[in-house]
$ cat start.cif   # mmCIF, N, CA and C atoms
data_data
#
loop_
_atom_site.label_atom_id
_atom_site.label_comp_id
_atom_site.auth_asym_id
_atom_site.auth_seq_id
_atom_site.Cartn_x
_atom_site.Cartn_y
_atom_site.Cartn_z
N MET A 26 -42.63 -4.14 9.81
CA MET A 26 -41.51 -3.27 9.49
C MET A 26 -40.96 -3.64 8.11
N GLU A 27 -40.77 -2.65 7.32
CA GLU A 27 -40.23 -2.84 5.97
C GLU A 27 -38.71 -2.97 6.04
N ARG A 28 -38.18 -3.84 5.21
CA ARG A 28 -36.74 -4.05 5.17
C ARG A 28 -36.04 -2.81 4.59
N TYR A 29 -35.03 -2.35 5.28
CA TYR A 29 -34.23 -1.20 4.86
C TYR A 29 -33.31 -1.64 3.74
N ASP A 30 -33.32 -0.92 2.64
CA ASP A 30 -32.49 -1.27 1.48
C ASP A 30 -31.23 -0.41 1.51
N TYR A 31 -30.16 -0.99 2.04
CA TYR A 31 -28.91 -0.25 2.17
C TYR A 31 -28.41 0.29 0.84
N LYS A 32 -28.40 -0.55 -0.17
CA LYS A 32 -27.86 -0.11 -1.47
C LYS A 32 -28.67 1.04 -2.04
N GLN A 33 -29.96 0.97 -1.94
CA GLN A 33 -30.80 2.05 -2.45
C GLN A 33 -30.54 3.34 -1.68
N HIS A 34 -30.47 3.26 -0.36
CA HIS A 34 -30.28 4.46 0.44
C HIS A 34 -28.90 5.08 0.25
N VAL A 35 -27.87 4.27 0.21
CA VAL A 35 -26.52 4.80 0.02
C VAL A 35 -26.39 5.41 -1.39
N THR A 36 -26.97 4.74 -2.39
CA THR A 36 -26.96 5.28 -3.75
C THR A 36 -27.69 6.62 -3.79
N ASN A 37 -28.84 6.70 -3.16
CA ASN A 37 -29.59 7.96 -3.14
C ASN A 37 -28.83 9.06 -2.40
N ASP A 38 -28.19 8.71 -1.29
CA ASP A 38 -27.39 9.71 -0.55
C ASP A 38 -26.26 10.23 -1.42
N LEU A 39 -25.60 9.35 -2.15
CA LEU A 39 -24.52 9.77 -3.05
C LEU A 39 -25.04 10.66 -4.16
N TYR A 40 -26.12 10.23 -4.81
CA TYR A 40 -26.68 11.02 -5.90
C TYR A 40 -27.11 12.40 -5.39
N ASN A 41 -27.74 12.44 -4.23
CA ASN A 41 -28.15 13.72 -3.66
C ASN A 41 -26.95 14.61 -3.34
N TYR A 42 -25.87 13.99 -2.90
CA TYR A 42 -24.64 14.76 -2.68
C TYR A 42 -24.13 15.34 -4.00
N PHE A 43 -24.09 14.50 -5.03
CA PHE A 43 -23.63 14.98 -6.34
C PHE A 43 -24.46 16.17 -6.81
N MET A 44 -25.77 16.07 -6.66
CA MET A 44 -26.68 17.08 -7.20
C MET A 44 -26.79 18.33 -6.32
N ASN A 45 -26.65 18.17 -5.02
CA ASN A 45 -26.94 19.29 -4.12
C ASN A 45 -25.73 19.86 -3.39
N ASP A 46 -24.69 19.07 -3.22
CA ASP A 46 -23.56 19.52 -2.42
C ASP A 46 -22.28 19.75 -3.21
N MET A 47 -22.26 19.34 -4.45
CA MET A 47 -21.10 19.59 -5.32
C MET A 47 -21.39 20.82 -6.16
N ASP A 48 -20.34 21.59 -6.42
CA ASP A 48 -20.57 22.70 -7.35
C ASP A 48 -20.62 22.14 -8.78
N ASN A 49 -21.12 22.94 -9.69
CA ASN A 49 -21.34 22.49 -11.07
C ASN A 49 -20.06 21.99 -11.72
N GLU A 50 -18.96 22.67 -11.47
CA GLU A 50 -17.69 22.28 -12.09
C GLU A 50 -17.24 20.90 -11.60
N ASP A 51 -17.28 20.67 -10.29
CA ASP A 51 -16.89 19.36 -9.75
C ASP A 51 -17.83 18.26 -10.24
N ARG A 52 -19.12 18.56 -10.28
CA ARG A 52 -20.11 17.57 -10.75
C ARG A 52 -19.84 17.19 -12.19
N PHE A 53 -19.62 18.19 -13.04
CA PHE A 53 -19.34 17.93 -14.45
C PHE A 53 -18.03 17.15 -14.60
N TRP A 54 -17.02 17.57 -13.85
CA TRP A 54 -15.70 16.94 -13.93
C TRP A 54 -15.77 15.47 -13.54
N LEU A 55 -16.45 15.18 -12.43
CA LEU A 55 -16.57 13.80 -11.97
C LEU A 55 -17.33 12.96 -12.99
N ALA A 56 -18.41 13.49 -13.52
CA ALA A 56 -19.25 12.73 -14.45
C ALA A 56 -18.55 12.44 -15.77
N ASN A 57 -17.64 13.32 -16.17
CA ASN A 57 -17.03 13.19 -17.50
C ASN A 57 -15.55 12.82 -17.49
N SER A 58 -14.95 12.76 -16.35
CA SER A 58 -13.53 12.49 -16.27
C SER A 58 -13.22 11.02 -16.54
N THR A 59 -12.14 10.81 -17.24
CA THR A 59 -11.63 9.45 -17.43
C THR A 59 -10.37 9.26 -16.58
N ASN A 60 -10.06 10.27 -15.78
CA ASN A 60 -8.89 10.24 -14.93
C ASN A 60 -9.22 9.46 -13.65
N ASN A 61 -8.54 8.38 -13.44
CA ASN A 61 -8.79 7.53 -12.28
C ASN A 61 -8.55 8.26 -10.96
N GLU A 62 -7.64 9.22 -10.96
CA GLU A 62 -7.35 9.97 -9.73
C GLU A 62 -8.55 10.81 -9.29
N ASP A 63 -9.30 11.37 -10.25
CA ASP A 63 -10.50 12.14 -9.91
C ASP A 63 -11.54 11.22 -9.26
N TYR A 64 -11.74 10.09 -9.87
CA TYR A 64 -12.68 9.10 -9.35
C TYR A 64 -12.28 8.69 -7.93
N GLU A 65 -11.01 8.36 -7.76
CA GLU A 65 -10.53 7.91 -6.45
C GLU A 65 -10.62 9.01 -5.40
N TYR A 66 -10.38 10.25 -5.77
CA TYR A 66 -10.49 11.36 -4.82
C TYR A 66 -11.90 11.43 -4.25
N TRP A 67 -12.91 11.47 -5.13
CA TRP A 67 -14.29 11.57 -4.67
C TRP A 67 -14.75 10.29 -3.99
N PHE A 68 -14.31 9.15 -4.47
CA PHE A 68 -14.65 7.86 -3.86
C PHE A 68 -14.18 7.84 -2.41
N ASP A 69 -12.91 8.17 -2.20
CA ASP A 69 -12.34 8.15 -0.85
C ASP A 69 -12.98 9.20 0.05
N LYS A 70 -13.19 10.39 -0.48
CA LYS A 70 -13.78 11.47 0.31
C LYS A 70 -15.19 11.11 0.78
N LEU A 71 -16.00 10.61 -0.12
CA LEU A 71 -17.40 10.35 0.21
C LEU A 71 -17.59 9.04 0.97
N ARG A 72 -16.69 8.11 0.82
CA ARG A 72 -16.80 6.83 1.53
C ARG A 72 -16.74 7.04 3.04
N GLU A 73 -16.08 8.09 3.47
CA GLU A 73 -15.96 8.34 4.90
C GLU A 73 -16.90 9.43 5.41
N ALA A 74 -17.72 9.99 4.54
CA ALA A 74 -18.59 11.10 4.93
C ALA A 74 -19.74 10.63 5.82
N ASP A 75 -20.02 11.40 6.85
CA ASP A 75 -21.11 11.05 7.76
C ASP A 75 -22.45 10.98 7.06
N GLY A 76 -22.68 11.83 6.09
CA GLY A 76 -23.95 11.85 5.38
C GLY A 76 -24.12 10.72 4.38
N ILE A 77 -23.08 9.94 4.17
CA ILE A 77 -23.14 8.82 3.22
C ILE A 77 -23.00 7.49 3.96
N THR A 78 -21.90 7.32 4.69
CA THR A 78 -21.68 6.06 5.42
C THR A 78 -21.68 6.24 6.93
N GLY A 79 -21.31 7.41 7.39
CA GLY A 79 -21.18 7.64 8.82
C GLY A 79 -19.83 7.27 9.37
N LEU A 80 -18.91 6.92 8.51
CA LEU A 80 -17.61 6.40 8.96
C LEU A 80 -16.80 7.45 9.73
N ALA A 81 -16.90 8.70 9.37
CA ALA A 81 -16.09 9.73 10.02
C ALA A 81 -16.37 9.80 11.52
N SER A 82 -17.62 9.67 11.91
CA SER A 82 -17.98 9.77 13.32
C SER A 82 -18.30 8.41 13.95
N GLY A 83 -18.50 7.40 13.12
CA GLY A 83 -18.88 6.09 13.63
C GLY A 83 -20.38 5.88 13.69
N SER A 84 -21.14 6.84 13.12
CA SER A 84 -22.59 6.68 13.09
C SER A 84 -23.19 7.48 11.94
N TYR A 85 -24.03 6.82 11.18
CA TYR A 85 -24.79 7.49 10.12
C TYR A 85 -26.09 8.02 10.70
N THR A 86 -26.73 7.24 11.54
CA THR A 86 -28.05 7.58 12.07
C THR A 86 -27.99 8.47 13.30
N PHE A 87 -26.89 8.42 14.03
CA PHE A 87 -26.74 9.10 15.32
C PHE A 87 -27.85 8.68 16.28
N SER A 88 -28.27 7.43 16.12
CA SER A 88 -29.32 6.87 16.97
C SER A 88 -29.17 5.35 16.99
N LYS A 89 -28.98 4.81 18.18
CA LYS A 89 -28.87 3.36 18.32
C LYS A 89 -30.15 2.70 17.81
N TRP A 90 -31.28 3.25 18.16
CA TRP A 90 -32.57 2.70 17.76
C TRP A 90 -32.71 2.66 16.23
N ASN A 91 -32.41 3.79 15.57
CA ASN A 91 -32.53 3.85 14.11
C ASN A 91 -31.55 2.90 13.43
N ALA A 92 -30.36 2.79 13.97
CA ALA A 92 -29.38 1.86 13.41
C ALA A 92 -29.88 0.43 13.52
N GLU A 93 -30.47 0.10 14.66
CA GLU A 93 -31.03 -1.24 14.84
C GLU A 93 -32.16 -1.50 13.85
N GLU A 94 -32.98 -0.49 13.60
CA GLU A 94 -34.07 -0.65 12.63
C GLU A 94 -33.52 -0.87 11.22
N CYS A 95 -32.45 -0.18 10.86
CA CYS A 95 -31.83 -0.39 9.54
C CYS A 95 -31.27 -1.80 9.42
N LEU A 96 -30.69 -2.29 10.48
CA LEU A 96 -30.09 -3.62 10.47
C LEU A 96 -31.13 -4.73 10.49
N CYS A 97 -32.30 -4.42 11.00
CA CYS A 97 -33.37 -5.42 11.11
C CYS A 97 -33.65 -6.03 9.73
N HIS A 98 -33.70 -7.32 9.64
CA HIS A 98 -33.93 -8.06 8.39
C HIS A 98 -32.77 -7.93 7.40
N ASN A 99 -31.64 -7.42 7.86
CA ASN A 99 -30.44 -7.30 7.02
C ASN A 99 -29.25 -8.04 7.62
N TRP A 100 -29.53 -9.06 8.46
CA TRP A 100 -28.44 -9.79 9.09
C TRP A 100 -27.58 -10.53 8.07
N ASP A 101 -28.17 -10.94 6.96
CA ASP A 101 -27.37 -11.60 5.92
C ASP A 101 -26.33 -10.63 5.37
N LEU A 102 -26.74 -9.42 5.09
CA LEU A 102 -25.82 -8.40 4.57
C LEU A 102 -24.82 -7.99 5.65
N ALA A 103 -25.28 -7.83 6.88
CA ALA A 103 -24.39 -7.46 7.98
C ALA A 103 -23.35 -8.55 8.21
N THR A 104 -23.76 -9.80 8.13
CA THR A 104 -22.83 -10.92 8.28
C THR A 104 -21.81 -10.93 7.15
N GLU A 105 -22.27 -10.71 5.93
CA GLU A 105 -21.37 -10.66 4.77
C GLU A 105 -20.35 -9.54 4.93
N ALA A 106 -20.81 -8.36 5.35
CA ALA A 106 -19.91 -7.23 5.56
C ALA A 106 -18.90 -7.57 6.66
N TYR A 107 -19.39 -8.12 7.75
CA TYR A 107 -18.52 -8.47 8.86
C TYR A 107 -17.46 -9.49 8.43
N MET A 108 -17.88 -10.52 7.72
CA MET A 108 -16.95 -11.57 7.30
C MET A 108 -15.90 -11.03 6.34
N ASN A 109 -16.28 -10.10 5.48
CA ASN A 109 -15.34 -9.57 4.49
C ASN A 109 -14.46 -8.45 5.05
N LEU A 110 -14.97 -7.70 6.00
CA LEU A 110 -14.19 -6.57 6.51
C LEU A 110 -13.40 -6.87 7.77
N PHE A 111 -13.88 -7.82 8.58
CA PHE A 111 -13.29 -8.00 9.90
C PHE A 111 -12.85 -9.41 10.25
N MET A 112 -13.08 -10.35 9.40
CA MET A 112 -12.81 -11.74 9.75
C MET A 112 -11.36 -11.98 10.17
N ASP A 113 -10.43 -11.33 9.52
CA ASP A 113 -9.02 -11.52 9.85
C ASP A 113 -8.46 -10.40 10.73
N SER A 114 -9.34 -9.76 11.46
CA SER A 114 -8.95 -8.60 12.24
C SER A 114 -9.24 -8.83 13.73
N SER A 115 -8.47 -8.18 14.56
CA SER A 115 -8.74 -8.25 15.99
C SER A 115 -9.79 -7.21 16.39
N TYR A 116 -10.16 -6.34 15.47
CA TYR A 116 -11.17 -5.31 15.73
C TYR A 116 -12.54 -5.97 15.70
N ASP A 117 -13.29 -5.83 16.75
CA ASP A 117 -14.61 -6.47 16.84
C ASP A 117 -15.71 -5.42 16.75
N VAL A 118 -16.19 -5.20 15.54
CA VAL A 118 -17.22 -4.19 15.32
C VAL A 118 -18.51 -4.55 16.06
N LEU A 119 -18.76 -5.83 16.27
CA LEU A 119 -19.98 -6.23 16.97
C LEU A 119 -19.97 -5.78 18.42
N ASP A 120 -18.81 -5.65 18.98
CA ASP A 120 -18.69 -5.20 20.37
C ASP A 120 -18.97 -3.70 20.50
N LYS A 121 -18.94 -2.97 19.40
CA LYS A 121 -19.09 -1.51 19.43
C LYS A 121 -20.54 -1.05 19.34
N GLY A 122 -21.47 -1.95 18.98
CA GLY A 122 -22.88 -1.59 18.95
C GLY A 122 -23.45 -1.43 17.56
N PRO A 123 -24.77 -1.24 17.48
CA PRO A 123 -25.46 -1.23 16.19
C PRO A 123 -25.12 -0.03 15.30
N GLU A 124 -24.81 1.12 15.89
CA GLU A 124 -24.51 2.28 15.05
C GLU A 124 -23.26 2.04 14.21
N LEU A 125 -22.25 1.47 14.82
CA LEU A 125 -21.02 1.22 14.07
C LEU A 125 -21.20 0.08 13.08
N LEU A 126 -21.95 -0.94 13.43
CA LEU A 126 -22.22 -2.02 12.48
C LEU A 126 -23.00 -1.48 11.28
N ASP A 127 -23.99 -0.65 11.53
CA ASP A 127 -24.75 -0.01 10.45
C ASP A 127 -23.83 0.79 9.54
N THR A 128 -22.91 1.52 10.14
CA THR A 128 -21.93 2.30 9.37
C THR A 128 -21.08 1.41 8.49
N TRP A 129 -20.62 0.28 9.03
CA TRP A 129 -19.76 -0.61 8.26
C TRP A 129 -20.53 -1.35 7.16
N VAL A 130 -21.81 -1.59 7.35
CA VAL A 130 -22.61 -2.16 6.26
C VAL A 130 -22.70 -1.14 5.13
N ARG A 131 -22.91 0.12 5.47
CA ARG A 131 -22.94 1.18 4.44
C ARG A 131 -21.59 1.27 3.72
N TYR A 132 -20.53 1.18 4.47
CA TYR A 132 -19.18 1.19 3.91
C TYR A 132 -18.98 0.01 2.97
N TYR A 133 -19.49 -1.14 3.37
CA TYR A 133 -19.33 -2.37 2.59
C TYR A 133 -20.02 -2.27 1.23
N VAL A 134 -21.20 -1.67 1.16
CA VAL A 134 -21.94 -1.59 -0.10
C VAL A 134 -21.55 -0.34 -0.91
N PHE A 135 -20.71 0.50 -0.35
CA PHE A 135 -20.41 1.80 -0.93
C PHE A 135 -19.92 1.74 -2.38
N ALA A 136 -19.00 0.85 -2.70
CA ALA A 136 -18.41 0.83 -4.05
C ALA A 136 -19.47 0.64 -5.13
N ASP A 137 -20.35 -0.33 -4.94
CA ASP A 137 -21.42 -0.55 -5.92
C ASP A 137 -22.34 0.67 -6.00
N CYS A 138 -22.61 1.26 -4.86
CA CYS A 138 -23.51 2.40 -4.81
C CYS A 138 -22.88 3.63 -5.47
N PHE A 139 -21.59 3.81 -5.28
CA PHE A 139 -20.90 4.95 -5.89
C PHE A 139 -21.01 4.86 -7.41
N ASP A 140 -20.76 3.71 -7.95
CA ASP A 140 -20.85 3.54 -9.40
C ASP A 140 -22.28 3.72 -9.90
N ALA A 141 -23.26 3.22 -9.16
CA ALA A 141 -24.66 3.37 -9.54
C ALA A 141 -25.09 4.84 -9.50
N ALA A 142 -24.66 5.56 -8.47
CA ALA A 142 -25.00 6.98 -8.36
C ALA A 142 -24.30 7.79 -9.44
N LEU A 143 -23.07 7.41 -9.76
CA LEU A 143 -22.34 8.10 -10.82
C LEU A 143 -23.00 7.86 -12.18
N ASP A 144 -23.45 6.65 -12.44
CA ASP A 144 -24.20 6.37 -13.68
C ASP A 144 -25.47 7.20 -13.74
N ARG A 145 -26.16 7.29 -12.61
CA ARG A 145 -27.39 8.10 -12.55
C ARG A 145 -27.09 9.57 -12.80
N LEU A 146 -25.99 10.06 -12.24
CA LEU A 146 -25.57 11.44 -12.46
C LEU A 146 -25.29 11.69 -13.94
N ARG A 147 -24.58 10.77 -14.57
CA ARG A 147 -24.27 10.92 -15.99
C ARG A 147 -25.53 10.97 -16.83
N LYS A 148 -26.49 10.12 -16.53
CA LYS A 148 -27.77 10.12 -17.25
C LYS A 148 -28.51 11.44 -17.05
N THR A 149 -28.48 11.93 -15.83
CA THR A 149 -29.14 13.21 -15.52
C THR A 149 -28.50 14.35 -16.31
N LEU A 150 -27.18 14.39 -16.29
CA LEU A 150 -26.48 15.48 -17.00
C LEU A 150 -26.65 15.36 -18.51
N ASN A 151 -26.64 14.14 -19.03
CA ASN A 151 -26.84 13.96 -20.47
C ASN A 151 -28.25 14.30 -20.91
N SER A 152 -29.23 14.10 -20.05
CA SER A 152 -30.61 14.42 -20.41
C SER A 152 -30.86 15.92 -20.43
N LYS A 153 -29.98 16.71 -19.79
CA LYS A 153 -30.12 18.16 -19.77
C LYS A 153 -29.49 18.82 -20.99
N ASP A 154 -28.74 18.03 -21.76
CA ASP A 154 -28.06 18.59 -22.95
C ASP A 154 -29.05 18.85 -24.07
#

$ encode --input "start.cif" --output "structure tokens"
Amino acid sequence: MERYDYKQHVTNDLYNYFMNDMDNEDRFWLANSTNNEDYEYWFDKLREADGITGLASGSYTFSKWNAEECLCHNWDLATEAYMNLFMDSSYDVLDKGPELLDTWVRYYVFADCFDAALDRLRKTLNSKD
């Protein structure tokens, strides 16, 4: 079994959203805006999207089996996410099952992925000029 690359997949999901699900005006605005509020709006909106992290429903894969496969060989990342997101919390994501843990790992890597996908979007738009 090949190791699932969370950062690569979340970055690709974000980039695909930018290219396929945003209208041209929003895509251009996000790529070229220096307004922090625009960035934060899209960051917050997409961080909870089922097609990106799965946070809205509690599952990205909608399959316990697929979530377990994504987590396989990623226990270091899952542990890091758990320690940073839940260590001081009474909420026990581990008790909720692999789908929710998979979702929280995606949530954990989201910020880096958002910036990487946004950089890729900017390069794509600049190459079309």

$ atom_distance --input "start.cif" --atom1 "atom C of A:Lys148" --atom2 "atom N of A:Asn41"
12.9 Å

$ atom_distance --input "start.cif" --atom1 "atom N of A:Thr59" --atom2 "atom C of A:Cys138"
17.5 Å

$ atom_distance --input "start.cif" --atom1 "atom C of A:Trp90" --atom2 "atom C of A:Arg28"
13.3 Å

$ axis_aligned_box --input "start.cif" --around "stretch 51-68 of chain A" --padding-each-side "6 Å" --output "JSON"
{"center_x": -13.7, "center_y": 14.1, "center_z": -10.0, "size_x": 24.8, "size_y": 25.1, "size_z": 27.1}

$ closest_residue --input "start.cif" --among "A:Lys121, A:Phe111, A:Asp127, A:Phe135" --to "A:Cys95" --atoms "only N, CA and C atoms"
A:Asp127

$ select_by_dssp --input "start.cif" --residues "chain A" --states "helix (DSSP H, G or I)" --output "PyMOL selection string"
chain A and resi 31-45+49-57+61-72+89-96+100-111+118-121+123-152

$ closest_residue --input "start.cif" --among "A:Tyr29, A:Trp67, A:Phe43, A:Asn109" --to "A:Leu96" --atoms "only N, CA and C atoms"
A:Tyr29

$ residues_around --input "start.cif" --residues "A:Leu39" --least-positions-apart "2" --cutoff "7 Å" --atoms "all atoms listed in the file" --output "VMD selection string"
chain A and resid 34 to 37 41 to 44 76 to 77 138 to 139 142 to 143

$ closest_residue --input "start.cif" --among "A:Asp30, A:Glu62, A:Asp137, A:Asp38" --to "A:Thr78" --atoms "all atoms listed in the file"
A:Asp38

$ residues_near_point --input "start.cif" --point "(-26.2, 5.7, 17.6)" --cutoff "10 Å" --atoms "only C-alpha atoms" --output "number ranges by chain"
A: 83-93, 122-125, 127-128

$ resolve_selection --input "start.cif" --expression "the PyMOL selection byres ((chain A and resi 130) around 7)" --output "number ranges by chain"
A: 31, 102-103, 106-107, 125-129, 131-135

$ closest_residue --input "start.cif" --among "A:Phe68, A:Thr104, A:Phe53, A:Ser82" --to "A:Leu150" --atoms "only N, CA and C atoms"
A:Phe53
